[in-house]
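Inspection log for the structure reproduced underneath, given as structure tokens.
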Amino acid sequence: MRFELRSIGTTVQYLLKIVFILLFIFPLLWMISTSLQTLHETQAFPPTLVPSVPQWRNFASVMDNGSFLMYARNSVVVTFSVIALQFLVMIPAAYAFAKYKFAGKNILFGIVLLAFMIPGQITFIPVYLMLGDWGLINTLLPQILPFMSNAFGIFLLRQYFMQLPEDLIEAARLDGANEFKIIWRIMAPMAAPALATIALFSFVAHWNDYFWPLVMTNSDSVRPLTIWISTLRSEEGIANWNIIMAANVVLVVPILVVYAFCSKQILNAFVYSGIK
Amino acid sequence: MHKKTWWGAIRPYVMVGPAMAGIILFVIYPIVYLIYLSFYKYNLMNKAKSKFIGLDNYRGIFARDDFYKALGNTAVYTVSVVFFTVLLSLLVAVWIHKNKRINSLVQIGLFTPHIISIVSIALVWMWLMEPNVGYLNYVLHLFGIPPSQWLQSSKTAMMSIVIVSVWHSIGYYALILVAAIKGVPSEVLEAASIDGAKRLRTISHIIIPLISPQLFFILIIMTIGSFKVFDSVRIMTGGGPNNATNTLVYYIFGYRATNIGYASATGVVLMAIIGLLTILYFQVLSKRVHYQ
């Protein structure tokens, strides 16, 4: 009897948890469903849950738009340039902070941590003016250069390098490897898990970014997908929610594909970043 | 040999150089420049015509009702988001912390909104909250509740934005707390249940004190994060209706092209508020945090 009560309790818990998952997934499913509806279906009440005939041409009309490719290219170029630039800057810095002794090391590292705390919402006006003076507004650089020093990445990678045994470096030195080779050929590959975490973070952050490209750009030719999609509503006049949601799906798909393949790693990475 | 030691001495600086240059150029210098700008009536067209006006920008800020409106809105937003997010994340974390397959599914589902652009999130919720044919009003209709205007009425707009933000961030914070609860020694929790401690008592007297470092951490990042809210406001309401959702960063954004000095001064004020809140948290709460 007691056992049965218990199993009923477990089943109820189970169902509650499924409802709870739906609470967080439903808006995304609703986005996908809407993206496949006709304009007529989106205006029905009660709302259409499943489109009678999936309207794949909604996607075609999003992507046929000549400017779509331009915005998508900007998003891709910015995101991957940021990651590449951050790696170039971060790996030697994290190695030096982890393995060398030098005067002022703690102060410099303190500055890195401090930088981590200052949000772009405070610095954007002066950065914009400065990059304007350099003549860079209307290029993609204002969306790339300011992120060259990833404070969080330097911190995480330094921790990782510190855990790697000193013997390894000594052995490589005895083999005649110079420091440059040690860093790029030995240490960096060994830190692949940490680098993957940092790359994932940067990918999510910059692919999704809205604020920074909004305040750093004056013309559509350098704007990313996020800005374009946010303007679709006013552009279309009346709200073509099916088209807007189709564009939204296009923006979300790359992220969801990455998430589907490594949700565990992403969860761990985010939790780890929160605890440290 | 001599050359080598010379190189050995400057090598660390060369290696951290680019990273430090990036931080100085894009964080430290802009802050100094921001403070400098806040004392000027800046002329975007002709820099030479910019005029030093001392504290006039600051006087202007504190004399204007729309600033207080934005500050008040930001405070309401921050308090609501922090309160509901902490409370709900804690309850959810206690609910789903055990290692079970269904729990890891809940964690994956719960976290999904966090990795999606706020642009998509905002648009989907605008669509859900559409007053005439939106899904939320349909759900209200099913329960016999009259429809809401959601984002389009100054009475409910702020609440609607808070709902979206809480929904968006619960996953991340709940997961941090799940990890924290997993760090609590299982003997402690078992001992509590053997002693017949009630669920709520276990949470308030055992779990909360033991995970207080993580709670402290999420309170700080959540407060700072909420104070700089912008994206959802800009996309969902544009600060309206009737300034009901105008927040500090949105306010600064509004002046960034027309009055750079004034916008900068407001930025300095925002920075000061965030700094003071952080110090306050450390003063008031850090003594109550138990580090094991």
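The way I read the labels, and the way they are meant: chains A, B, ... in the order of the structure tokens, residue 1 as the first residue of every chain, and ligand 1 as the first ligand shown, with later ones counted on from there.
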Using only C-alpha atoms, determine which residues of chain B fall within 8 Å of chain A; present them as a ChimeraX atom specification. /B:9,12,15-20,22-23,26-28,30-31,33-34,102-103,105-106,108-113,115-120,123-125,127-128,133-135,138,167,172,175-176,179,214,228,230-231,235,249,256,260,264,267-268,270-271
Excluding Thr278 of chain B and its own-chain neighbours fewer than 6 positions away, which residues fall within 9 Å of it when counting only C-alpha atoms? Please give them as a ChimeraX atom specification. /B:220,223-224
So that I can check the surroundings of Ala70 of chain B, please list as a list in words every protein, DNA and RNA residue that reaches within 8 Å of it, counting only C-alpha atoms and ignoring chain neighbours fewer than 4 positions away.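 Answer for this query is Asp66, Thr74, Asn243, Thr245, Asn246, Thr247, Leu248 and Tyr251 of chain B.
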Prev. selection, C-alpha atoms, output as a PDB file, in the first residue's frame:
ATOM      1  CA  ASP B  66      12.159  61.570 -16.661  1.00  0.00           C
ATOM      2  CA  THR B  74      14.913  50.233 -13.195  1.00  0.00           C
ATOM      3  CA  ASN B 243       7.563  55.814 -20.338  1.00  0.00           C
ATOM      4  CA  THR B 245       9.204  50.789 -19.044  1.00  0.00           C
ATOM      5  CA  ASN B 246      11.897  53.383 -19.675  1.00  0.00           C
ATOM      6  CA  THR B 247      15.017  52.170 -17.866  1.00  0.00           C
ATOM      7  CA  LEU B 248      18.401  53.771 -17.189  1.00  0.00           C
ATOM      8  CA  TYR B 251      17.446  56.492 -21.161  1.00  0.00           C
TER       9      TYR B 251
END
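Atom pair atom CA of Ala93 of chain B / atom CA of Val178 of chain B has a distance of 4.9 Å (rounded to one decimal).
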Return as a ChimeraX atom specification the full set of residues in segment 69-242 of chain A whose backbone-based DSSP assignment is alpha helix (DSSP H). /A:69-99,105-117,120-133,151-163,166-174,179-181,188-190,192-208,211-216,225-235,241-242
Which residues are near Met159 of chain B? Cut-off 12 Å, only C-alpha atoms, ignore same chain within fewer than 6 positions. Put them as a list in words. Asn73, Val76, Tyr77, Thr78, Val79, Ser80, Val81, Phe84, Met129, Ser148, Gln149, Trp150, Leu151, Gln152, Ser153, Ser165, Val166, Val233, Thr237, Ala244 and Thr245 of chain B
